[in-house]
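target.cif follows; it contains mmCIF, C-alpha atoms.
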data_my_file
#
loop_
_atom_site.label_atom_id
_atom_site.label_comp_id
_atom_site.auth_asym_id
_atom_site.auth_seq_id
_atom_site.Cartn_x
_atom_site.Cartn_y
_atom_site.Cartn_z
CA MET A 251 0.00 0.00 0.00
CA ALA A 252 2.68 2.43 1.01
CA THR A 253 4.79 1.30 -1.91
CA ARG A 254 1.97 1.82 -4.35
CA SER A 255 1.34 5.38 -3.24
CA LEU A 256 5.05 6.07 -3.35
CA LYS A 257 5.15 4.72 -6.86
CA ARG A 258 2.29 6.93 -7.88
CA LEU A 259 4.05 9.95 -6.39
CA ASN A 260 7.13 8.90 -8.30
CA ASN A 261 5.21 8.73 -11.57
CA ILE A 262 3.70 12.16 -11.05
CA CYS A 263 7.06 13.66 -10.28
CA VAL A 264 8.72 12.01 -13.26
CA GLY A 265 5.90 13.31 -15.43
CA LEU A 266 6.36 16.81 -14.08
CA GLY A 267 10.08 16.49 -14.54
CA MET A 268 9.68 15.53 -18.18
CA MET A 269 7.34 18.46 -18.77
CA ALA A 270 9.83 20.81 -17.19
CA ALA A 271 12.65 19.32 -19.23
CA ALA A 272 10.67 19.75 -22.44
CA LEU A 273 9.94 23.35 -21.57
CA THR A 274 13.54 24.21 -20.87
CA LEU A 275 15.04 22.52 -23.93
CA PRO A 276 15.20 25.61 -26.18
CA VAL A 277 17.25 27.62 -23.65
CA GLN A 278 20.05 25.08 -23.31
CA THR A 279 23.39 26.70 -22.63
CA ALA A 280 26.89 25.36 -22.57
CA GLN A 281 27.37 25.83 -18.86
CA ALA A 282 27.04 22.76 -16.71
CA ALA A 283 24.38 22.92 -14.04
CA GLY A 284 24.09 20.77 -10.99
CA ASP A 285 24.89 22.79 -7.89
CA LEU A 286 22.90 21.31 -5.06
CA LEU A 287 21.93 21.55 -1.42
CA VAL A 288 20.90 18.55 0.67
CA ALA A 289 19.51 18.54 4.23
CA PRO A 290 19.81 16.78 6.61
CA THR A 291 23.26 15.24 6.16
CA ARG A 292 22.66 11.97 7.99
CA ILE A 293 19.56 9.87 8.57
CA ILE A 294 18.92 7.29 11.26
CA LEU A 295 15.73 5.29 11.10
CA ASP A 296 14.87 3.37 14.24
CA GLY A 297 11.42 2.05 13.60
CA GLN A 298 8.89 1.94 10.82
CA ARG A 299 8.52 5.70 10.59
CA GLY A 300 9.84 7.38 7.50
CA THR A 301 11.40 10.77 6.98
CA GLU A 302 12.26 13.15 4.22
CA VAL A 303 15.33 14.79 2.77
CA ILE A 304 15.28 18.21 1.16
CA LEU A 305 17.04 18.65 -2.15
CA ASN A 306 17.42 22.21 -3.45
CA ASN A 307 18.75 23.45 -6.78
CA ILE A 308 21.12 26.24 -5.78
CA GLY A 309 22.51 26.66 -9.29
CA SER A 310 21.45 29.36 -11.69
CA GLU A 311 19.79 27.05 -14.19
CA THR A 312 17.15 24.35 -14.21
CA ALA A 313 18.72 20.99 -13.49
CA THR A 314 17.62 17.37 -13.36
CA TYR A 315 18.81 15.34 -10.39
CA ARG A 316 18.85 11.62 -9.92
CA ILE A 317 18.57 10.12 -6.46
CA SER A 318 19.94 6.61 -6.02
CA LEU A 319 20.86 4.12 -3.31
CA GLU A 320 24.54 3.32 -3.17
CA LEU A 321 26.60 0.96 -1.03
CA ARG A 322 29.79 2.07 0.62
CA ARG A 323 32.28 0.36 2.88
CA MET A 324 34.60 2.09 5.26
CA THR A 325 38.32 1.47 4.86
CA ALA A 326 40.86 1.28 7.67
CA GLU A 327 41.69 4.92 6.89
CA GLY A 328 38.06 5.97 7.36
CA LYS A 329 37.38 6.52 3.67
CA LEU A 330 34.15 5.37 2.07
CA THR A 331 34.62 3.24 -1.01
CA ASP A 332 32.10 2.01 -3.52
CA VAL A 333 30.94 -1.61 -3.35
CA SER A 334 30.87 -3.22 -6.79
CA PRO A 335 27.78 -5.34 -7.67
CA GLU A 336 29.74 -8.63 -7.39
CA GLU A 337 30.93 -7.83 -3.87
CA VAL A 338 27.56 -6.99 -2.31
CA ASN A 339 26.98 -9.04 0.83
CA GLU A 340 23.67 -10.14 2.38
CA LEU A 341 23.55 -7.32 4.91
CA GLU A 342 24.06 -4.68 2.24
CA GLN A 343 21.49 -6.25 -0.07
CA ALA A 344 18.96 -6.40 2.77
CA ALA A 345 19.52 -2.72 3.49
CA LYS A 346 19.00 -1.79 -0.13
CA ASP A 347 15.84 -3.91 -0.35
CA MET A 348 14.03 -2.36 2.60
CA ILE A 349 14.40 1.31 1.72
CA ARG A 350 11.58 2.95 -0.18
CA TYR A 351 12.01 6.43 -1.56
CA ALA A 352 10.48 8.80 -4.05
CA PRO A 353 10.89 10.65 -6.31
CA ARG A 354 14.02 9.17 -7.86
CA ARG A 355 14.50 11.76 -10.53
CA VAL A 356 13.46 15.36 -10.30
CA THR A 357 13.86 18.49 -12.42
CA LEU A 358 14.10 21.68 -10.42
CA PRO A 359 14.28 25.32 -11.45
CA PRO A 360 16.81 27.45 -9.52
CA ASN A 361 16.05 27.77 -5.81
CA GLN A 362 13.31 25.20 -5.94
CA PRO A 363 13.43 22.71 -3.06
CA GLN A 364 11.95 19.24 -3.30
CA ALA A 365 11.30 16.78 -0.50
CA ILE A 366 12.48 13.22 -1.13
CA ARG A 367 10.39 10.89 1.03
CA LEU A 368 12.09 7.91 2.62
CA GLY A 369 10.49 4.91 4.23
CA VAL A 370 11.58 1.52 5.55
CA ARG A 371 9.82 -1.76 5.07
CA ALA A 372 11.66 -4.29 7.17
CA PRO A 373 10.89 -7.95 6.49
CA LYS A 374 9.26 -9.82 9.42
CA ASN A 375 12.22 -12.08 10.16
CA LEU A 376 14.88 -9.38 9.88
CA ALA A 377 17.90 -10.14 12.05
CA ASP A 378 18.87 -7.50 14.60
CA GLY A 379 21.58 -5.23 13.39
CA GLU A 380 22.54 -2.02 11.71
CA TYR A 381 21.76 -1.74 8.03
CA ARG A 382 23.11 1.08 5.93
CA VAL A 383 22.87 2.57 2.46
CA HIS A 384 24.15 5.88 1.12
CA LEU A 385 21.73 8.13 -0.68
CA LEU A 386 23.40 9.68 -3.72
CA PHE A 387 22.17 12.99 -5.14
CA ARG A 388 23.66 13.83 -8.49
CA ALA A 389 22.74 16.08 -11.37
CA VAL A 390 22.06 14.41 -14.69
CA PRO A 391 24.24 16.04 -17.36
CA LYS A 392 22.39 17.76 -20.13
CA ALA A 393 22.69 16.01 -23.46
CA THR A 394 25.37 17.71 -25.54
CA SER A 395 24.09 18.95 -28.84
CA VAL A 396 25.06 16.88 -31.87
CA THR A 397 25.39 20.08 -33.85
CA ALA A 398 28.20 21.31 -31.62
CA PRO A 399 30.89 23.10 -33.60
CA THR A 400 33.48 20.60 -34.76
CA GLU A 401 34.92 22.53 -37.68
CA GLN A 402 38.37 22.59 -36.18
CA THR A 403 40.84 21.72 -38.91
CA GLU A 404 44.01 21.34 -36.93
CA GLY A 405 44.53 20.05 -33.41
CA PHE A 406 41.68 19.06 -31.16
CA SER A 407 39.49 20.46 -28.46
CA ILE A 408 38.71 18.67 -25.24
CA ALA A 409 35.58 19.06 -23.14
CA LEU A 410 35.61 17.22 -19.83
CA THR A 411 32.37 17.69 -17.94
CA PRO A 412 32.28 16.85 -14.25
CA ILE A 413 29.12 15.30 -12.88
CA TYR A 414 29.18 16.01 -9.20
CA GLY A 415 27.07 15.03 -6.28
CA VAL A 416 26.95 14.06 -2.66
CA THR A 417 26.11 10.98 -0.62
CA ILE A 418 24.59 10.93 2.84
CA PRO A 419 24.29 7.81 5.01
CA VAL A 420 20.88 6.30 5.75
CA ILE A 421 21.13 4.00 8.74
CA ILE A 422 18.45 1.55 9.86
CA ARG A 423 18.81 0.16 13.38
CA HIS A 424 16.81 -2.95 14.11
CA GLY A 425 16.70 -4.36 17.61
CA LYS A 426 18.60 -3.34 20.69
CA LEU A 427 22.09 -2.51 19.55
CA THR A 428 25.12 -1.36 21.49
CA ALA A 429 28.62 -0.22 20.70
CA THR A 430 31.66 0.97 22.55
CA ALA A 431 34.78 2.63 21.27
CA ALA A 432 38.39 3.01 22.37
CA ILE A 433 41.30 5.22 21.39
CA ALA A 434 44.91 4.05 21.20
CA ASN A 435 48.29 4.67 19.64
CA ALA A 436 48.20 8.47 19.35
CA ARG A 437 51.07 9.82 17.28
CA ILE A 438 52.29 12.63 15.07
CA GLU A 439 52.55 11.63 11.44
CA GLN A 440 54.21 13.28 8.50
CA GLY A 441 51.58 13.29 5.78
CA ASP A 442 51.60 14.49 2.18
CA GLU A 443 50.30 17.89 3.18
CA GLY A 444 52.21 18.54 6.40
CA GLN A 445 51.96 17.08 9.87
CA ALA A 446 48.95 15.20 11.15
CA PHE A 447 47.83 14.04 14.58
CA ALA A 448 46.75 10.44 14.19
CA PHE A 449 45.34 7.70 16.41
CA ASP A 450 43.50 4.39 16.16
CA LEU A 451 39.79 4.42 16.93
CA SER A 452 38.43 0.94 17.60
CA ARG A 453 34.84 -0.18 17.99
CA THR A 454 33.11 -3.23 19.45
CA GLY A 455 29.44 -4.11 19.39
CA ASP A 456 26.77 -4.41 16.74
CA ARG A 457 26.34 -0.85 15.58
CA SER A 458 28.40 2.09 14.38
CA THR A 459 29.73 4.92 16.50
CA TYR A 460 29.57 8.50 15.33
CA GLY A 461 30.54 11.79 16.85
CA GLU A 462 33.12 14.48 17.28
CA ILE A 463 36.76 14.23 18.30
CA ARG A 464 38.25 16.84 20.57
CA VAL A 465 41.94 16.97 21.36
CA VAL A 466 42.23 18.93 24.58
CA LYS A 467 45.34 20.17 26.35
CA GLN A 468 45.27 20.25 30.14
CA GLY A 469 44.60 23.78 31.34
CA VAL A 470 43.41 25.03 27.95
CA ASP A 471 39.66 25.49 27.59
CA GLU A 472 39.32 25.38 23.83
CA PRO A 473 40.15 22.07 22.15
CA LEU A 474 43.36 22.25 20.12
CA LEU A 475 41.83 20.11 17.41
CA LEU A 476 38.16 19.47 16.77
CA VAL A 477 36.55 17.51 14.00
CA ARG A 478 32.93 16.42 13.68
CA GLY A 479 31.43 13.53 11.82
CA ILE A 480 33.91 10.82 12.77
CA ALA A 481 32.24 7.46 12.22
CA VAL A 482 33.34 3.87 12.70
CA TYR A 483 30.97 1.66 10.77
CA PRO A 484 30.19 -1.96 11.74
CA GLU A 485 32.12 -3.47 8.81
CA ILE A 486 35.37 -2.45 10.49
CA ALA A 487 36.62 -2.98 14.02
CA SER A 488 39.17 -0.20 13.93
CA ARG A 489 40.20 2.75 11.81
CA THR A 490 42.81 5.43 11.93
CA VAL A 491 41.79 9.03 12.41
CA SER A 492 44.27 11.52 10.99
CA LEU A 493 43.77 15.21 11.72
CA PRO A 494 45.90 17.78 9.89
CA ILE A 495 47.72 20.05 12.33
CA PRO A 496 47.49 23.76 11.54
CA PRO A 497 50.88 25.52 12.03
CA GLU A 498 49.60 27.58 14.99
CA VAL A 499 48.59 24.40 16.81
CA ALA A 500 51.75 22.37 16.14
CA ALA A 501 53.78 23.99 18.92
CA GLN A 502 51.02 23.51 21.51
CA LEU A 503 50.49 19.85 20.75
CA LYS A 504 52.85 18.66 23.47
CA GLY A 505 52.58 17.51 27.04
CA PRO A 506 49.50 16.11 28.77
CA LEU A 507 46.61 15.84 26.32
CA SER A 508 43.32 14.04 26.18
CA ILE A 509 41.49 12.73 23.12
CA GLU A 510 37.74 12.76 23.64
CA TYR A 511 35.05 11.20 21.44
CA TYR A 512 31.58 12.65 21.98
CA GLU A 513 28.20 11.83 20.48
CA PRO A 514 26.72 14.63 18.36
CA ARG A 515 24.92 17.30 20.35
CA ASN A 516 21.54 16.54 18.78
CA VAL A 517 21.54 13.08 20.37
CA GLY A 518 22.70 14.19 23.79
CA GLY A 519 26.39 14.85 23.29
CA GLY A 520 27.45 12.10 25.70
CA LEU A 521 31.06 11.00 26.02
CA ILE A 522 31.73 7.80 24.10
CA THR A 523 35.33 7.36 25.12
CA LYS A 524 38.31 9.34 26.32
CA THR A 525 42.03 8.75 26.52
CA ASP A 526 44.73 10.67 28.35
CA LEU A 527 48.25 10.73 27.03
CA VAL A 528 51.47 12.67 27.20
CA LEU A 529 52.96 13.74 23.90
CA ARG A 530 56.66 14.58 23.76
CA MET B 77 -8.27 48.97 4.74
CA SER B 78 -4.84 49.64 6.15
CA LYS B 79 -6.05 52.91 7.57
CA PHE B 80 -8.77 51.00 9.32
CA ILE B 81 -6.23 48.58 10.83
CA LYS B 82 -4.05 51.45 11.94
CA ALA B 83 -7.04 53.05 13.62
CA VAL B 84 -7.91 49.85 15.41
CA VAL B 85 -4.33 49.34 16.53
CA ALA B 86 -4.09 52.92 17.72
CA SER B 87 -7.28 52.64 19.68
CA SER B 88 -6.31 49.35 21.22
CA VAL B 89 -2.96 50.76 22.27
CA LEU B 90 -4.82 53.68 23.75
CA ALA B 91 -7.22 51.34 25.49
CA ALA B 92 -4.36 49.29 26.86
CA SER B 93 -2.53 52.28 28.21
CA VAL B 94 -5.72 53.62 29.77
CA MET B 95 -6.61 50.34 31.36
CA GLY B 96 -3.15 49.98 32.84
CA ALA B 97 -1.07 47.05 33.91
CA ASN B 98 -3.83 44.49 34.12
CA ALA B 99 -4.87 44.90 30.54
CA ALA B 100 -1.29 44.75 29.38
CA HIS B 101 -0.91 41.49 31.22
CA ALA B 102 -3.94 40.05 29.57
CA ALA B 103 -2.59 40.94 26.17
CA THR B 104 0.54 38.83 26.72
CA ALA B 105 -0.14 35.44 25.30
CA THR B 106 2.32 32.61 24.99
CA ALA B 107 2.77 31.02 21.63
CA ASP B 108 5.00 28.15 20.66
CA ALA B 109 7.31 28.88 17.81
CA ARG B 110 8.63 25.77 16.21
CA ALA B 111 11.12 25.40 13.42
CA ASN B 112 12.86 22.27 12.31
CA ILE B 113 16.45 23.24 11.67
CA LEU B 114 18.22 20.68 9.56
CA GLU B 115 21.94 20.52 9.00
CA GLU B 116 22.54 21.13 5.35
CA LEU B 117 25.35 20.68 2.91
CA THR B 118 26.00 22.14 -0.50
CA VAL B 119 28.28 21.18 -3.37
CA THR B 120 28.91 23.72 -6.13
CA LYS B 121 31.31 24.05 -9.00
CA ASP B 122 32.98 27.44 -9.05
CA ALA B 123 31.68 29.47 -11.97
CA GLY B 124 33.89 29.45 -15.02
CA THR B 125 36.18 26.66 -13.85
CA ASP B 126 36.46 23.46 -15.86
CA LEU B 127 39.21 20.96 -16.36
CA ASP B 128 40.59 22.50 -19.54
CA PHE B 129 43.74 21.36 -21.34
CA GLY B 130 43.53 24.19 -23.89
CA THR B 131 44.13 23.53 -27.57
CA ILE B 132 46.66 20.87 -28.51
CA ILE B 133 48.26 20.46 -31.93
CA THR B 134 49.97 17.13 -32.55
CA THR B 135 53.35 16.94 -34.20
CA GLY B 136 53.62 13.20 -34.69
CA THR B 137 55.05 12.32 -31.28
CA ALA B 138 53.13 11.09 -28.26
CA GLU B 139 52.86 13.40 -25.25
CA THR B 140 51.13 13.58 -21.89
CA VAL B 141 49.68 17.02 -21.30
CA VAL B 142 49.45 17.71 -17.57
CA VAL B 143 47.23 20.32 -15.94
CA GLY B 144 47.98 20.55 -12.22
CA ASN B 145 45.40 20.93 -9.47
CA ASP B 146 46.11 24.66 -9.53
CA GLY B 147 45.14 24.87 -13.21
CA THR B 148 48.61 25.50 -14.65
CA ARG B 149 49.74 23.39 -17.57
CA ALA B 150 53.17 21.85 -17.52
CA ALA B 151 55.38 22.65 -20.49
CA CYS B 152 54.56 20.59 -23.58
CA THR B 153 57.64 19.38 -25.46
CA ASN B 154 56.34 17.01 -28.14
CA VAL B 155 53.08 18.78 -29.01
CA VAL B 156 52.08 22.42 -29.33
CA CYS B 157 49.89 23.61 -26.46
CA THR B 158 48.06 26.91 -26.77
CA GLY B 159 45.15 28.63 -25.07
CA ALA B 160 44.33 28.94 -21.39
CA SER B 161 44.29 25.89 -19.16
CA ASP B 162 42.29 25.44 -15.97
CA ALA B 163 41.42 22.93 -13.25
CA ALA B 164 37.84 22.32 -12.08
CA ASP B 165 37.26 23.92 -8.67
CA PHE B 166 34.53 22.80 -6.33
CA SER B 167 33.19 24.32 -3.13
CA VAL B 168 31.59 22.39 -0.28
CA THR B 169 29.72 23.94 2.63
CA GLY B 170 28.17 22.25 5.63
CA SER B 171 28.54 21.97 9.39
CA ALA B 172 31.66 23.47 10.93
CA SER B 173 34.64 21.09 11.19
CA GLU B 174 32.70 18.21 9.63
CA ALA B 175 34.77 15.34 8.23
CA VAL B 176 34.06 14.47 4.59
CA THR B 177 35.68 12.19 2.04
CA LEU B 178 35.95 12.57 -1.72
CA THR B 179 35.59 10.07 -4.52
CA VAL B 180 37.26 11.11 -7.77
CA PRO B 181 37.92 8.49 -10.47
CA THR B 182 41.55 7.86 -11.31
CA SER B 183 40.99 8.02 -15.04
CA VAL B 184 38.45 9.06 -17.64
CA THR B 185 38.02 8.15 -21.31
CA LEU B 186 37.26 10.87 -23.86
CA ASN B 187 35.45 10.02 -27.05
CA GLY B 188 36.43 11.77 -30.25
CA PRO B 189 35.55 11.67 -33.94
CA SER B 190 34.95 8.28 -35.61
CA GLY B 191 35.70 6.14 -32.58
CA ALA B 192 38.95 7.83 -31.60
CA ILE B 193 39.55 7.86 -27.85
CA MET B 194 41.92 9.51 -25.42
CA ASN B 195 42.63 8.70 -21.80
CA ALA B 196 43.13 11.20 -19.00
CA ASN B 197 44.31 10.41 -15.49
CA LEU B 198 42.74 12.67 -12.88
CA SER B 199 44.31 14.19 -9.79
CA ASN B 200 42.72 16.18 -7.01
CA THR B 201 43.58 18.19 -3.94
CA ALA B 202 42.62 16.55 -0.65
CA LEU B 203 39.59 17.52 1.39
CA THR B 204 39.29 15.70 4.71
CA ALA B 205 37.21 18.14 6.76
CA LEU B 206 35.40 21.45 6.43
CA ASP B 207 36.90 24.42 8.28
CA GLY B 208 35.59 26.09 11.42
CA SER B 209 33.08 28.06 9.36
CA GLY B 210 31.85 24.98 7.51
CA ASN B 211 33.64 25.75 4.23
CA GLY B 212 35.84 23.54 2.12
CA GLY B 213 36.94 23.10 -1.43
CA PHE B 214 38.96 20.96 -3.78
CA SER B 215 40.30 21.09 -7.33
CA VAL B 216 40.58 18.45 -10.02
CA GLY B 217 43.42 18.45 -12.54
CA GLY B 218 44.54 15.81 -14.99
CA ALA B 219 47.09 14.27 -17.31
CA LEU B 220 45.93 13.72 -20.88
CA ASP B 221 47.58 11.03 -22.97
CA VAL B 222 47.91 12.23 -26.55
CA ALA B 223 48.92 9.51 -29.02
CA ALA B 224 51.45 10.18 -31.76
CA ASN B 225 48.79 9.85 -34.44
CA GLN B 226 45.85 11.21 -32.44
CA THR B 227 42.91 12.03 -34.74
CA ASP B 228 42.03 15.73 -34.82
CA GLY B 229 38.61 16.85 -33.69
CA ALA B 230 36.47 17.44 -30.64
CA TYR B 231 36.80 15.00 -27.71
CA LEU B 232 34.12 14.76 -25.04
CA GLY B 233 34.14 13.02 -21.70
CA THR B 234 32.45 13.12 -18.32
CA PHE B 235 33.74 12.19 -14.90
CA THR B 236 31.93 11.86 -11.61
CA VAL B 237 33.00 13.59 -8.43
CA THR B 238 31.28 12.64 -5.18
CA VAL B 239 31.49 14.23 -1.76
CA GLU B 240 30.76 11.52 0.81
CA TYR B 241 29.32 12.44 4.19
CA PRO B 242 30.21 9.93 6.88
#
In C-alpha cells, write the structure found in this file.
Amino acid sequence: MATRSLKRLNNICVGLGMMAAALTLPVQTAQAAGDLLVAPTRIILDGQRGTEVILNNIGSETATYRISLELRRMTAEGKLTDVSPEEVNELEQAAKDMIRYAPRRVTLPPNQPQAIRLGVRAPKNLADGEYRVHLLFRAVPKATSVTAPTEQTEGFSIALTPIYGVTIPVIIRHGKLTATAAIANARIEQGDEGQAFAFDLSRTGDRSTYGEIRVVKQGVDEPLLLVRGIAVYPEIASRTVSLPIPPEVAAQLKGPLSIEYYEPRNVGGGLITKTDLVLR
Amino acid sequence: MSKFIKAVVASSVLAASVMGANAAHAATATADARANILEELTVTKDAGTDLDFGTIITTGTAETVVVGNDGTRAACTNVVCTGASDAADFSVTGSASEAVTLTVPTSVTLNGPSGAIMNANLSNTALTALDGSGNGGFSVGGALDVAANQTDGAYLGTFTVTVEYP
C-alpha cells in the first residue's frame, strides 16, 4: 500500500520532470548545471517511521537530479569506497531492499526545493543489526548537442564535464544494539600535506559509532583540534583518524593531552570514550 | 483597509494604556514557535572553472599534457599547447569542522571523432574536513595522454566527483 502510493508519487514527479525538461530545452546553454543543497546530512531510522530529505537546486539554471541508493564500505583509513555489484553481501542487499524512496529523478528550477520521502519496510524475520545505504544525489548532465561546432581543422578540443554530487548515510537500526569505542596509539605523522595528529579508533558491538573528536590540552579550555562527523561503521573494528595540524597548533600539541570522542549534540552529546596521554 | 487597521491598533494601544497594567498582562499570550532546523550541505562548482587542457596540436610524437590541481599546464615538449588551461574547482559547505571524504575516479576516457579515444588520469587536492566556518573546497586536474597519431577533432568526456558524508 505504502509502496503503491510512493510509486504513484514517483510517476507524477517524473511526469512533471519531463514536462519541465521539455519546456527548458530551447534555452540550453553550454554551462554545466548541478549545484545542489541537501539537508539533513545523515539519517537514522529506528522504527517503521519514515522521513524526508530536502534537495534544493542552488545553481542558476534548471537541473535534473537523480537520487539513487549506493553501497559504501569504510576502509581502515576511514574513507568510504564504492561496493561493486559482485561484492555486495547479504547485509548490504537487505539494506537496499528495505528502503523505499520517491521521487528518484526530479527536475528543479533554480532555488526550488523538493522533498524526497524515505520509508523503511523491514521484512518480518529481519535479524537485529545495523543496516546502511548511502543516498546519492547527483545532477544528470544535459545532453550535448550533436550540432556542436566541430569545424576545427588542426589540433583538437577537449571538453571534460564533471558530474558532481553528494552521498549521505541512511542507517536503519533494528533491535537493541550497542557499541563501545576506544582510542589508542596516538602519534604525530608526517603526511603528504604537512603534519597530522593520528590515532586508532576501535569499535566493538553491533552498531556504528559517530561523533566528534576533541583533542584537549590540560589547562586550555578550547580544544586544540576538533573535527565532527567521525564514524566507525560496523564493517570495520578499527580505523585510523588523521587530523591535519594547523601551524599555529603544532607547537602547543605537546605535554598532557586528552582525546575525547563525543556523540553529536543533537543526540545528547554524551562521552563515548576518552584517553589521556602525554605527547613529547 | 490599512487605515482601518491602523485606527484599530491605535485605539487598542490607547485602550491598553488607559486600562493599565492588568490589561497589558492580559494581552501577553504565549505562543509556541517551532522550526525544524536541519543541517545542510552544499556542493557547487565554481563558476567558469572546468578541467581544460587548452588547444593541442599534434606533431607526430606522443605526449602527456598535464594540468595541475592549480590549473597551470606543464610545459609541452612534443606537441604544441596553446590557449588557457584550468582545473575544475569545487566548493563544499556544511557543518563546521565536519569530516568528509571525496571520490574522484583515477581516469576518464574521452570520445572523439569516428571512434577515436583519449585517456586522462585525474588528480585532485585533498579535502578531509570542512573548516571552522563549515567551508571547504577541492580542485581536479589531470594528465591527458595524446597519441602520436591522435585524430584531430572534438573530444568529449564526463567524470563523476562525489562528496561523501560519513
Go ahead and compute the interatomic distance for CA of Ala313 in chain A and CA of Gly170 in chain B, in Å to one decimal.
->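 About the pair CA of Ala313 in chain A and CA of Gly170 in chain B: they are 21.4 Å apart.
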To one decimal place, how far is CA of Val528 in chain A from CA of Val466 in chain A in Å?
->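 So the answer is 11.5 Å.
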Hey, list the chain B side of the contact with chain A: 6 Å cut-off, all atoms listed in the file, answer as a list in words.
->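 Matching residues, ligands excluded from the count: Leu114, Glu115, Glu116, Leu117, Thr118, Val119, Thr120, Thr131, Ile132, Ile133, Ser173, Glu174, Ala175, Asp228, Gly229, Ala230, Tyr231, Leu232, Gly233, Thr234, Phe235, Thr236, Val237, Thr238, Val239, Glu240 and Tyr241 of chain B.
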Can you pull out every residue within 9 Å of Ser167 in chain B, counting only C-alpha atoms, but drop anything in the same chain fewer than 3 positions away, and send it as an MDAnalysis selection string?
-> chainID B and resid 118:122 211:215
Point out the residue among A:Ser488, A:Asn375, A:Ser318, A:Thr325 with the least atom-to-atom distance to Thr177 in chain B, counting only C-alpha atoms.
-> A:Thr325
Kindly resolve the PyMOL selection byres ((chain A and resi 469) around 12) on the present coordinates and return the residues as a list of chain:residue names.
->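 This file gives the following for the PyMOL selection byres ((chain A and resi 469) around 12): A:Val466, A:Lys467, A:Gln468, A:Val470, A:Asp471, A:Glu472, A:Pro473, A:Leu474, A:Gln502, A:Gly505, A:Pro506, A:Leu507, A:Ser508.
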Please write as a PyMOL selection string the full residue list that the PyMOL selection byres ((chain A and resi 377) around 9) yields on this file.
-> chain A and resi 375-376+378-379+424-425
Close residues, range 141-148 of chain B itself excluded, 8 Å, only C-alpha atoms, min 3 positions apart in chain, as a VMD selection string | chain B and resid 127 to 129 152 161 to 164 199 to 201 215 to 222
Got a sec: who's within 10 Å of range 446-455 of chain A, counting all atoms listed in the file, leaving out chain neighbours fewer than 3 positions off, as a count of residues only?
-> 46
How many Å separate CA of Glu510 in chain A from CA of Ala202 in chain B?
->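 Those two atoms sit 25.1 Å apart.
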When the PyMOL selection byres ((chain A and resi 390) around 6) is applied to the file above, which residues end up in the set, as number ranges by chain?
-> A: 314-315, 389, 391
Find the residues around Gly191 in chain B up to 10 Å (only C-alpha atoms counted), leave out those fewer than 3 positions away in its own chain, and share them as a list in words.
->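 Near neighbours after the sequence-gap exclusion: Asn187, Gly188 and Thr227 of chain B.
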Which one of A:Ile317, A:Ala501, A:Leu521, A:Ile422 sits closest to Thr357 in chain A if you count all atoms listed in the file?
->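 Ranked by minimum distance to Thr357 in chain A, first place goes to A:Ile317.
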Residues around (9.4, -6.0, 7.1), cut-off 12 Å, counting all atoms listed in the file - what are they as an MDAnalysis selection string?
-> chainID A and resid 297:298 344:345 347:350 369:377 424
Write out as AutoDock Vina command-line options an axis-aligned box for range 150-160 of chain B: all of its atoms listed in the file, 8 Å added on each side, centre and edge lengths in Å with one decimal.
--center_x 51.0 --center_y 23.0 --center_z -23.4 --size_x 29.3 --size_y 27.9 --size_z 27.8
Is there a way to complete range 517-528 of chain A with N, CA and C atoms and then write that out as a PDB file, keeping the file's coordinate frame?
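Contents of selection_19.pdb, freshly written:
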ATOM      1  N   VAL A 517      21.976  14.325  19.719  1.00  0.00           N
ATOM      2  CA  VAL A 517      21.540  13.080  20.370  1.00  0.00           C
ATOM      3  C   VAL A 517      22.075  13.010  21.793  1.00  0.00           C
ATOM      4  N   GLY A 518      22.328  14.153  22.388  1.00  0.00           N
ATOM      5  CA  GLY A 518      22.700  14.190  23.790  1.00  0.00           C
ATOM      6  C   GLY A 518      24.122  14.647  24.056  1.00  0.00           C
ATOM      7  N   GLY A 519      25.019  14.394  23.125  1.00  0.00           N
ATOM      8  CA  GLY A 519      26.390  14.850  23.290  1.00  0.00           C
ATOM      9  C   GLY A 519      27.167  14.110  24.359  1.00  0.00           C
ATOM     10  N   GLY A 520      26.776  12.878  24.655  1.00  0.00           N
ATOM     11  CA  GLY A 520      27.450  12.100  25.700  1.00  0.00           C
ATOM     12  C   GLY A 520      28.846  11.670  25.286  1.00  0.00           C
ATOM     13  N   LEU A 521      29.691  11.453  26.283  1.00  0.00           N
ATOM     14  CA  LEU A 521      31.060  11.000  26.020  1.00  0.00           C
ATOM     15  C   LEU A 521      31.044   9.523  25.632  1.00  0.00           C
ATOM     16  N   ILE A 522      31.651   9.201  24.518  1.00  0.00           N
ATOM     17  CA  ILE A 522      31.730   7.800  24.100  1.00  0.00           C
ATOM     18  C   ILE A 522      32.980   7.169  24.702  1.00  0.00           C
ATOM     19  N   THR A 523      34.101   7.844  24.513  1.00  0.00           N
ATOM     20  CA  THR A 523      35.330   7.360  25.120  1.00  0.00           C
ATOM     21  C   THR A 523      36.329   8.503  25.231  1.00  0.00           C
ATOM     22  N   LYS A 524      37.327   8.285  26.082  1.00  0.00           N
ATOM     23  CA  LYS A 524      38.310   9.340  26.320  1.00  0.00           C
ATOM     24  C   LYS A 524      39.629   8.690  26.696  1.00  0.00           C
ATOM     25  N   THR A 525      40.705   9.277  26.218  1.00  0.00           N
ATOM     26  CA  THR A 525      42.030   8.750  26.520  1.00  0.00           C
ATOM     27  C   THR A 525      42.957   9.888  26.904  1.00  0.00           C
ATOM     28  N   ASP A 526      43.732   9.672  27.967  1.00  0.00           N
ATOM     29  CA  ASP A 526      44.730  10.670  28.350  1.00  0.00           C
ATOM     30  C   ASP A 526      46.093  10.190  27.884  1.00  0.00           C
ATOM     31  N   LEU A 527      46.911  11.113  27.463  1.00  0.00           N
ATOM     32  CA  LEU A 527      48.250  10.730  27.030  1.00  0.00           C
ATOM     33  C   LEU A 527      49.193  11.916  27.213  1.00  0.00           C
ATOM     34  N   VAL A 528      50.465  11.611  27.152  1.00  0.00           N
ATOM     35  CA  VAL A 528      51.470  12.670  27.200  1.00  0.00           C
ATOM     36  C   VAL A 528      52.269  12.589  25.904  1.00  0.00           C
TER      37      VAL A 528
END
